[in-house]
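One structure is given here, and the rest of the page talks about it.
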There are 2 protein chains.
Amino acid sequence: MVEQQTAQLDRVFHALSDSTRRAMLASLTLRAHSIGELAEPFDMSFAAASKHVKVLENAGLVRREVHGRTHLCRIEPEMLKTVDDWLREYRRLWEARFDRLDDYLRELQGKEKNHGRKNK
Amino acid sequence: MVEQQTAQLDRVFHALSDSTRRAMLASLTLRAHSIGELAEPFDMSFAAASKHVKVLENAGLVRREVHGRTHLCRIEPEMLKTVDDWLREYRRLWEARFDRLDDYLRELQGKEKNHGRKNK
C-alpha cells in the first residue's frame, strides 16, 4: 500500500516536472480539451501532445474520454491533493523559518527606531 | 524572470520525483546529515548518494556545507513553498470536488433515512 503510494507520488512529481505538462493542466482547469487543442499553444505535433497527455494520465492527473475520433481530456485534481498531503510535513518548517525572519526584522526595526531617537 | 521560475519549478518537481530523494529530505527535517549518513539507510554507495544530493542541491532544496572532508547537508524548505504556491490554483478545484461529493453523500443519507421510515 505504502509502496503503491510512493510509486504514485513518483509518477505525479515526474508528470509535473515539465512546464509543457503543467501548462496543459492549467488549460484543463478552464474546461475539457481535445489533444489537438492542448497541442495548439505549443506548436506541437498531435503525437508529441499525446505523449505528454499519457504521462499525465499515468500519474492520474488527467482522464481521457474517447468520443469517436476525438480524445477529450479532463483534469483529475484529486491526485494533486496527494502532493498537498506530502507537503504538509514541510510546511511547518518553512513557516518556522519565515516566523524567525519576521522576529529578526522586527528586532532590526526596533533597533533602528532606538538609533533614530538617540540621534535626535 | 517567469522563465527562470519555470525552470526552477521543473528542477524542484524532478528532484521530488524519486522516493530516495524524498526520504533524504525527510531525514533532513530532523537534523543536518553528512552524505554518508544519508546513504546509510539505502545501503547505497557514497557516490550514488552524492548524485542524489546534487539533484536536491540544483533544485535549491538542500544546501551543502563543506567541513574539511565532511559534506554536511541541510534542508532548504523555502523552495518547497514554490510548490505550495503553484498548488494554490488547483486547491480550489479539488476542494470544490470534495464539497460536491459531500453534498451527494448527504443527499444519499437523506434518501436512506426516508427509505428506512417508509419501511417501518
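Identifiers for the C-alpha cells are assigned positionally: chains receive A, B, ... in sequence, residues are indexed from 1 per chain, and ligands are indexed from 1 in the order shown.
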
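Set the cut-off at 7 Å, count only C-alpha atoms, and the residues of chain B near chain A turn out to be Thr6, Asp10, Arg11, Phe13, His14, Leu16, Ser17, Asp18, Ser19, Pro77, Glu78, Tyr90, Leu93 and Trp94 of chain B.
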
*asked:* I need the residues in chain B that are alpha helix (DSSP H) according to DSSP; give them as a ChimeraX atom specification.
replied: /B:2-16,19-28,35-39,46-58,78-119

*Write down as number ranges by chain the residues belonging to range 9-109 of chain B that are assigned strand (DSSP E or B) by DSSP computed on the backbone.*
B: 33-34, 62-67, 70-75

Same residues, N, CA and C atoms, output as an mmCIF file, in the first residue's frame:
```
data_model
loop_
_atom_site.group_PDB
_atom_site.id
_atom_site.type_symbol
_atom_site.label_atom_id
_atom_site.label_comp_id
_atom_site.auth_asym_id
_atom_site.auth_seq_id
_atom_site.Cartn_x
_atom_site.Cartn_y
_atom_site.Cartn_z
ATOM 1 N N HIS B 33 22.709 16.211 7.960
ATOM 2 C CA HIS B 33 23.333 14.890 7.796
ATOM 3 C C HIS B 33 24.548 15.008 6.883
ATOM 4 N N SER B 34 25.537 14.138 7.108
ATOM 5 C CA SER B 34 26.627 14.009 6.140
ATOM 6 C C SER B 34 26.121 13.126 4.994
ATOM 7 N N VAL B 62 18.326 21.626 -0.926
ATOM 8 C CA VAL B 62 19.353 21.241 0.049
ATOM 9 C C VAL B 62 20.565 22.163 -0.124
ATOM 10 N N ARG B 63 21.197 22.487 0.997
ATOM 11 C CA ARG B 63 22.439 23.278 0.968
ATOM 12 C C ARG B 63 23.541 22.381 1.532
ATOM 13 N N ARG B 64 24.708 22.380 0.881
ATOM 14 C CA ARG B 64 25.812 21.527 1.329
ATOM 15 C C ARG B 64 26.909 22.417 1.917
ATOM 16 N N GLU B 65 27.327 22.122 3.125
ATOM 17 C CA GLU B 65 28.438 22.855 3.747
ATOM 18 C C GLU B 65 29.626 21.917 3.821
ATOM 19 N N VAL B 66 30.784 22.408 3.366
ATOM 20 C CA VAL B 66 31.978 21.558 3.384
ATOM 21 C C VAL B 66 32.787 21.874 4.644
ATOM 22 N N HIS B 67 32.924 20.862 5.515
ATOM 23 C CA HIS B 67 33.757 20.982 6.712
ATOM 24 C C HIS B 67 34.890 19.984 6.556
ATOM 25 N N THR B 70 34.220 16.356 5.415
ATOM 26 C CA THR B 70 32.797 16.044 5.592
ATOM 27 C C THR B 70 31.932 17.082 4.869
ATOM 28 N N HIS B 71 30.956 16.572 4.099
ATOM 29 C CA HIS B 71 29.978 17.460 3.461
ATOM 30 C C HIS B 71 28.689 17.357 4.274
ATOM 31 N N LEU B 72 28.310 18.447 4.911
ATOM 32 C CA LEU B 72 27.116 18.432 5.754
ATOM 33 C C LEU B 72 25.941 19.035 4.964
ATOM 34 N N CYS B 73 24.830 18.290 4.921
ATOM 35 C CA CYS B 73 23.672 18.731 4.127
ATOM 36 C C CYS B 73 22.559 19.233 5.037
ATOM 37 N N ARG B 74 21.974 20.337 4.627
ATOM 38 C CA ARG B 74 20.830 20.899 5.360
ATOM 39 C C ARG B 74 19.668 21.099 4.393
ATOM 40 N N ILE B 75 18.447 20.942 4.877
ATOM 41 C CA ILE B 75 17.259 21.174 4.038
ATOM 42 C C ILE B 75 17.035 22.681 3.894
#
```

_Test item: residues at most 10 Å from Ala48 in chain A, only C-alpha atoms, excluding those fewer than 5 positions along its chain, as a ChimeraX atom specification_ = /A:35,39,53-54

Write out, as a short mmCIF file (atom, residue, chain, number, x, y, z; two decimals), in the first residue's frame, the residues just selected, with C-alpha atoms.
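What ended up in result35.cif:
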```
data_model
loop_
_atom_site.label_atom_id
_atom_site.label_comp_id
_atom_site.auth_asym_id
_atom_site.auth_seq_id
_atom_site.Cartn_x
_atom_site.Cartn_y
_atom_site.Cartn_z
CA ILE A 35 -5.45 16.57 -27.71
CA ALA A 39 -1.12 20.85 -28.66
CA VAL A 53 -1.11 13.51 -22.00
CA LYS A 54 -0.12 9.86 -21.48
#
```

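You will find CA of Asp103 in chain A at 22.3 Å from CA of Arg31 in chain B.
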